[in-house]
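Visitor: This is start.cif, which holds mmCIF, C-alpha atoms:
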data_input
loop_
_atom_site.label_atom_id
_atom_site.label_comp_id
_atom_site.auth_asym_id
_atom_site.auth_seq_id
_atom_site.Cartn_x
_atom_site.Cartn_y
_atom_site.Cartn_z
CA MET A 1 14.03 25.35 12.07
CA LEU A 2 14.97 22.10 13.78
CA THR A 3 16.07 19.32 11.42
CA VAL A 4 15.66 15.71 12.53
CA ALA A 5 17.09 12.99 10.28
CA SER A 6 16.59 9.26 10.74
CA VAL A 7 18.41 6.55 8.78
CA ASN A 8 19.27 2.88 8.92
CA VAL A 9 22.97 3.12 8.07
CA ASN A 10 23.48 -0.64 7.52
CA GLY A 11 26.73 -0.35 9.51
CA ILE A 12 28.20 3.04 10.45
CA ARG A 13 31.68 2.16 9.21
CA ALA A 14 30.44 0.98 5.82
CA ALA A 15 28.15 4.01 5.50
CA PHE A 16 31.03 6.43 6.08
CA ARG A 17 33.17 4.57 3.54
CA ARG A 18 30.35 5.05 1.02
CA GLY A 19 29.94 8.78 1.63
CA MET A 20 27.70 9.31 4.65
CA GLY A 21 30.07 11.98 5.93
CA GLU A 22 29.48 14.09 2.85
CA TRP A 23 25.70 13.75 3.26
CA LEU A 24 25.96 14.82 6.91
CA ALA A 25 28.10 17.84 6.03
CA THR A 26 25.50 18.94 3.47
CA ARG A 27 22.33 18.18 5.45
CA LYS A 28 23.57 19.39 8.85
CA PRO A 29 20.77 17.83 10.93
CA ASP A 30 20.32 19.00 14.50
CA VAL A 31 19.27 15.51 15.60
CA LEU A 32 20.44 12.29 13.94
CA LEU A 33 18.63 9.03 14.71
CA LEU A 34 20.56 5.95 13.58
CA GLN A 35 19.65 2.30 13.21
CA GLU A 36 21.81 -0.76 12.53
CA VAL A 37 24.89 1.06 13.81
CA ARG A 38 26.81 -2.22 14.11
CA ALA A 39 29.64 -0.75 16.15
CA SER A 40 30.82 -0.06 19.68
CA ASP A 41 30.32 3.20 21.54
CA GLU A 42 33.92 4.11 20.78
CA ILE A 43 33.66 3.46 17.05
CA LEU A 44 30.41 5.44 16.82
CA ALA A 45 31.89 8.39 18.69
CA ASP A 46 34.99 8.30 16.52
CA HIS A 47 32.94 8.54 13.31
CA LEU A 48 30.89 11.46 14.64
CA ALA A 49 33.77 13.21 16.39
CA GLY A 50 34.26 16.93 15.97
CA ASP A 51 30.65 17.93 15.28
CA GLY A 52 29.54 18.70 18.82
CA TRP A 53 27.21 15.73 19.18
CA ASP A 54 25.76 14.44 22.43
CA LEU A 55 25.45 10.67 21.95
CA ALA A 56 23.21 7.89 23.28
CA HIS A 57 23.66 4.36 21.94
CA GLU A 58 22.15 0.95 22.54
CA ALA A 59 24.30 -1.71 20.94
CA SER A 60 22.69 -4.96 19.90
CA GLU A 61 23.01 -8.07 22.04
CA ALA A 62 24.07 -9.85 18.84
CA ALA A 63 27.43 -8.65 17.56
CA GLY A 64 27.27 -6.76 14.29
CA ARG A 65 23.51 -6.21 14.30
CA ALA A 66 20.74 -3.77 15.03
CA GLY A 67 22.25 -1.19 17.40
CA VAL A 68 20.44 2.15 17.58
CA ALA A 69 21.74 5.60 18.48
CA ILE A 70 20.81 9.24 18.98
CA ALA A 71 23.22 12.04 18.09
CA SER A 72 22.06 15.50 19.10
CA ARG A 73 23.41 19.01 18.86
CA LEU A 74 20.77 20.02 21.40
CA PRO A 75 21.64 19.38 25.05
CA MET A 76 20.70 15.83 26.05
CA ARG A 77 19.13 15.88 29.52
CA ALA A 78 18.04 12.25 30.02
CA VAL A 79 18.51 8.90 28.29
CA ARG A 80 16.37 5.77 28.54
CA VAL A 81 17.55 2.55 26.95
CA GLY A 82 15.26 -0.32 26.03
CA LEU A 83 11.61 -0.88 26.84
CA GLY A 84 11.92 -2.10 30.42
CA THR A 85 11.63 -5.42 32.12
CA GLY A 86 9.90 -8.26 30.35
CA VAL A 87 11.40 -7.45 26.96
CA THR A 88 13.41 -10.52 26.05
CA GLY A 89 15.49 -11.49 23.07
CA ASP A 90 16.95 -9.18 20.47
CA ARG A 91 14.06 -8.66 18.08
CA GLY A 92 14.15 -4.89 18.38
CA ARG A 93 16.11 -2.02 19.86
CA TRP A 94 14.97 1.23 21.46
CA VAL A 95 16.86 4.27 22.76
CA GLU A 96 15.08 7.41 23.98
CA ALA A 97 16.37 10.83 25.03
CA ASP A 98 15.01 14.11 26.31
CA LEU A 99 16.53 17.10 24.51
CA GLU A 100 16.40 20.73 25.56
CA ILE A 101 15.01 23.28 23.12
CA ALA A 102 15.94 26.81 24.13
CA GLY A 103 13.09 29.25 24.63
CA HIS A 104 12.81 32.46 22.62
CA ASP A 105 11.98 36.00 23.76
CA GLY A 106 12.02 35.05 27.41
CA ALA A 107 10.02 31.83 27.02
CA PRO A 108 11.22 28.86 29.09
CA ALA A 109 13.10 25.98 27.52
CA ARG A 110 11.05 23.04 26.29
CA THR A 111 11.69 19.31 26.19
CA LEU A 112 11.70 17.29 22.98
CA THR A 113 11.66 13.52 23.47
CA VAL A 114 13.26 11.60 20.59
CA VAL A 115 13.41 7.86 20.00
CA SER A 116 15.51 5.81 17.61
CA THR A 117 14.11 2.32 17.15
CA TYR A 118 14.87 -0.70 15.02
CA ILE A 119 12.40 -3.56 14.66
CA HIS A 120 13.76 -6.67 13.01
CA SER A 121 12.45 -8.28 9.88
CA ALA A 122 10.90 -11.71 10.30
CA THR A 123 9.68 -14.74 8.39
CA ALA A 124 5.98 -15.58 8.14
CA GLY A 125 5.08 -18.71 10.08
CA GLU A 126 8.40 -18.79 11.96
CA PRO A 127 9.25 -17.95 15.61
CA SER A 128 10.91 -14.74 14.42
CA LEU A 129 7.46 -13.34 13.57
CA ASP A 130 6.12 -14.19 17.02
CA ALA A 131 9.11 -12.40 18.56
CA LYS A 132 8.56 -9.36 16.33
CA LEU A 133 4.88 -9.15 17.26
CA ALA A 134 5.78 -9.43 20.95
CA PHE A 135 8.20 -6.52 20.61
CA LEU A 136 5.55 -4.50 18.78
CA GLU A 137 3.30 -4.95 21.82
CA HIS A 138 5.97 -3.41 24.03
CA VAL A 139 6.36 -0.54 21.55
CA THR A 140 2.60 0.05 21.61
CA ARG A 141 2.62 0.33 25.39
CA ARG A 142 5.46 2.84 25.32
CA LEU A 143 3.80 4.87 22.57
CA THR A 144 0.67 5.02 24.70
CA LYS A 145 2.63 6.42 27.65
CA LEU A 146 4.43 8.97 25.49
CA ARG A 147 1.13 10.06 23.94
CA ASP A 148 -0.50 10.39 27.35
CA ALA A 149 2.39 12.52 28.61
CA GLY A 150 1.65 15.12 25.93
CA GLY A 151 4.25 17.57 24.67
CA LEU A 152 6.80 17.17 21.92
CA ALA A 153 7.89 13.65 20.96
CA VAL A 154 9.07 11.87 17.82
CA VAL A 155 9.63 8.13 17.39
CA ALA A 156 11.69 7.33 14.32
CA GLY A 157 13.41 4.43 12.71
CA ASP A 158 13.19 1.29 10.63
CA VAL A 159 10.17 -0.73 11.72
CA ASN A 160 10.35 -3.21 8.81
CA ILE A 161 6.64 -2.81 8.06
CA ALA A 162 5.08 -1.19 5.00
CA HIS A 163 1.77 0.23 6.17
CA ARG A 164 -0.39 0.55 3.05
CA GLU A 165 -0.37 -0.67 -0.55
CA VAL A 166 1.11 2.70 -1.58
CA ASP A 167 4.07 1.99 0.72
CA ILE A 168 5.41 -0.92 -1.32
CA ARG A 169 5.85 -1.12 -5.06
CA ASN A 170 5.06 -4.84 -5.44
CA TRP A 171 2.37 -5.13 -2.80
CA LYS A 172 0.45 -7.91 -4.58
CA GLY A 173 3.50 -10.13 -4.51
CA ASN A 174 4.12 -9.54 -0.79
CA VAL A 175 0.73 -9.94 0.87
CA LYS A 176 1.87 -13.19 2.50
CA ASN A 177 5.38 -12.02 3.34
CA ALA A 178 6.62 -10.57 6.60
CA GLY A 179 6.86 -6.80 6.43
CA PHE A 180 3.45 -6.57 4.80
CA LEU A 181 1.38 -9.06 6.80
CA PRO A 182 -2.01 -7.88 8.06
CA GLU A 183 -1.06 -8.56 11.68
CA GLU A 184 2.04 -6.37 11.33
CA ARG A 185 0.29 -3.56 9.49
CA ALA A 186 -2.43 -3.54 12.17
CA TYR A 187 0.10 -2.14 14.64
CA LEU A 188 0.58 0.96 12.51
CA ASP A 189 -3.21 1.28 12.37
CA ARG A 190 -3.26 1.20 16.18
CA TRP A 191 -0.47 3.74 16.52
CA LEU A 192 -1.88 6.19 13.97
CA ASP A 193 -5.65 5.74 14.12
CA GLY A 194 -5.99 4.51 17.68
CA LEU A 195 -3.28 6.40 19.57
CA GLY A 196 -3.20 9.48 17.36
CA TRP A 197 0.47 9.48 16.32
CA HIS A 198 1.21 11.23 13.03
CA ASP A 199 3.08 9.55 10.17
CA LEU A 200 4.87 12.63 8.89
CA GLY A 201 6.37 10.89 5.88
CA ARG A 202 2.89 10.26 4.56
CA GLU A 203 1.16 13.40 5.84
CA LEU A 204 3.80 15.71 4.35
CA GLY A 205 5.13 13.47 1.59
CA GLY A 206 1.99 13.13 -0.51
CA GLU A 207 -0.48 10.34 -1.15
CA GLY A 208 2.00 7.97 -2.80
CA PRO A 209 2.99 5.54 -4.11
CA GLY A 210 6.14 6.08 -2.06
CA PRO A 211 8.30 7.91 -1.49
CA PHE A 212 10.08 4.66 -0.66
CA THR A 213 12.91 4.44 1.87
CA TRP A 214 14.45 0.99 1.25
CA TRP A 215 15.53 -0.82 -1.90
CA SER A 216 17.37 -4.12 -2.16
CA TRP A 217 21.04 -3.95 -3.09
CA ARG A 218 20.33 -6.71 -5.59
CA GLY A 219 19.14 -6.42 -9.17
CA LYS A 220 17.53 -3.25 -10.48
CA ALA A 221 15.33 -2.50 -7.46
CA PHE A 222 16.82 0.95 -6.89
CA ASP A 223 16.98 1.92 -10.56
CA ASN A 224 13.34 0.86 -11.02
CA ASP A 225 12.24 2.40 -7.70
CA ALA A 226 10.89 -0.98 -6.63
CA GLY A 227 11.11 -0.11 -2.96
CA TRP A 228 9.38 -0.24 0.40
CA ARG A 229 8.50 2.60 2.77
CA ILE A 230 9.49 1.05 6.09
CA ASP A 231 11.27 3.99 7.77
CA TYR A 232 9.16 6.49 9.70
CA GLN A 233 9.06 9.61 11.81
CA LEU A 234 5.98 9.43 14.04
CA ALA A 235 5.09 12.57 15.98
CA THR A 236 2.71 13.58 18.73
CA ASP A 237 0.01 16.13 17.98
CA GLU A 238 1.98 19.11 19.27
CA LEU A 239 5.13 18.22 17.35
CA ALA A 240 3.21 17.33 14.18
CA ASP A 241 1.71 20.81 14.24
CA ALA A 242 5.26 22.19 14.01
CA ALA A 243 6.37 19.93 11.14
CA VAL A 244 6.76 21.84 7.88
CA SER A 245 8.44 19.35 5.53
CA ALA A 246 9.33 15.67 5.25
CA THR A 247 11.85 14.49 2.69
CA VAL A 248 13.39 11.16 1.72
CA ASP A 249 17.00 11.83 0.76
CA ARG A 250 17.12 9.29 -2.06
CA ALA A 251 20.56 9.12 -3.63
CA PRO A 252 20.71 10.25 -7.27
CA THR A 253 22.24 6.94 -8.44
CA TYR A 254 22.75 3.40 -7.17
CA ASP A 255 26.50 4.01 -6.81
CA ALA A 256 25.93 7.12 -4.69
CA ARG A 257 24.04 5.27 -1.93
CA PHE A 258 25.68 4.99 1.47
CA SER A 259 23.05 2.49 2.70
CA ASP A 260 20.24 0.37 1.31
CA HIS A 261 17.95 2.79 3.21
CA ALA A 262 17.53 6.49 2.49
CA PRO A 263 17.35 9.08 5.30
CA VAL A 264 13.95 10.42 6.33
CA VAL A 265 14.41 14.12 7.15
CA VAL A 266 11.76 16.32 8.81
CA GLU A 267 12.01 20.04 9.50
CA TYR A 268 10.14 21.43 12.50
CA ASP A 269 9.39 25.09 13.16
CA LEU A 270 10.17 25.20 16.88
#
Would you kindly transcribe this structure into structure tokens?
Guide:
Amino acid sequence: MLTVASVNVNGIRAAFRRGMGEWLATRKPDVLLLQEVRASDEILADHLAGDGWDLAHEASEAAGRAGVAIASRLPMRAVRVGLGTGVTGDRGRWVEADLEIAGHDGAPARTLTVVSTYIHSATAGEPSLDAKLAFLEHVTRRLTKLRDAGGLAVVAGDVNIAHREVDIRNWKGNVKNAGFLPEERAYLDRWLDGLGWHDLGRELGGEGPGPFTWWSWRGKAFDNDAGWRIDYQLATDELADAAVSATVDRAPTYDARFSDHAPVVVEYDL
């Protein structure tokens, strides 16, 4: 089994202070996809030192925000940072790597392409929403190319969009708020229904409501499970066929959380 975990850590240093190291030691993922790292290459490597990780990291242009990273125990053969020319601003981050999966019984090695992405939140009616939608267009183009290439690929991270009513507890109160706007949700329709990517959290996690992946630090949102499902692992056909389980590692109590997001963990039989 190959275990891929994705989580918005809300700052790698803060997450480790709150117990992320203990979660890592228990879960033992083969591939770790991180969002909102909020640290330099050196600080990230220091926190993950000693576990045999190959690392790829795209820090945010804005200090203290939005960096994304890939940590892999599989050999990392190529890294691609960002979505190419024409992507301006800092509304989202994207880092992509090709990993080598050893063949069995004489079979050749295979390539698994993994992506860690972070797409910012926005405010309805403000320029931040226009910037988010522009970044989503770039993501759609890259997803199209990855789909057309075939093979094994997973795109994971915090996209700050709840797709369906079952993906947000208080959907009626958020129909006019960014993160649940029709124009944002339409991108997930395009990716899943149009391009054929698989939302493993939903396909393997049940019909819902939930399981949610983000809860506000404030009030009783976590205790009441008043959350949003905004963190995803999206897989190509071939990789989705190998997925056997998808789990949200929700902390048992509010005090046990190491982030306001919970990890999304998928096991693949490869």
Visitor: Report the residues retrieved by the PyMOL selection byres ((chain A and resi 27) around 12) from the displayed file, expressed as a count of residues only.
Guide: 25
Visitor: With all atoms listed in the file as the counted atoms, please give the residues lying no more than 12 Å from Gly194 in chain A, apart from itself and same-chain residues fewer than 5 positions off, as a ChimeraX atom specification.
Guide: /A:140,143-144,147,186-189
Visitor: Name the residues within 6 Å of (31.8, 6.4, 0.7), counting only C-alpha atoms in the file's coordinates, and put them as a VMD selection string.
Guide: chain A and resid 16 to 19
Visitor: Using C-alpha atoms, can you write the selected residues to a file as a PDB file, in the coordinates of the input?
Guide:
ATOM      1  CA  PHE A  16      31.030   6.430   6.080  1.00  0.00           C
ATOM      2  CA  ARG A  17      33.170   4.570   3.540  1.00  0.00           C
ATOM      3  CA  ARG A  18      30.350   5.050   1.020  1.00  0.00           C
ATOM      4  CA  GLY A  19      29.940   8.780   1.630  1.00  0.00           C
TER       5      GLY A  19
END
Visitor: Report the distance between CA of His138 in chain A and CA of Val155 in chain A in Å, rounded to one decimal place.
Guide: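 Spanning CA of His138 in chain A to CA of Val155 in chain A is a straight-line distance of 13.8 Å.
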Visitor: Please, which residues are within 6 Å of (20.3, 7.6, 11.4) by the file's coordinates, counting only C-alpha atoms, and could they come as a PyMOL selection string?
Guide: chain A and resi 6-8+32-35
Visitor: Give me the residues near Leu74 in chain A as a list in words, where near means some atom within 10 Å (using all atoms listed in the file) and where sequence neighbours in that chain fewer than 6 positions away do not count.
Guide: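 Non-adjacent residues within range: Leu2, Asp30, Val31, Gly52, Trp53, Asp54, Asp98, Leu99, Glu100, Ile101, Ala102 and Leu112 of chain A.
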Visitor: Using the chain letters and numbering of this document, enumerate as a VMD selection string the residues selected by the PyMOL selection byres ((chain A and resi 181) around 12).
Guide: chain A and resid 121 to 125 129 132 to 133 160 to 165 171 to 180 182 to 188
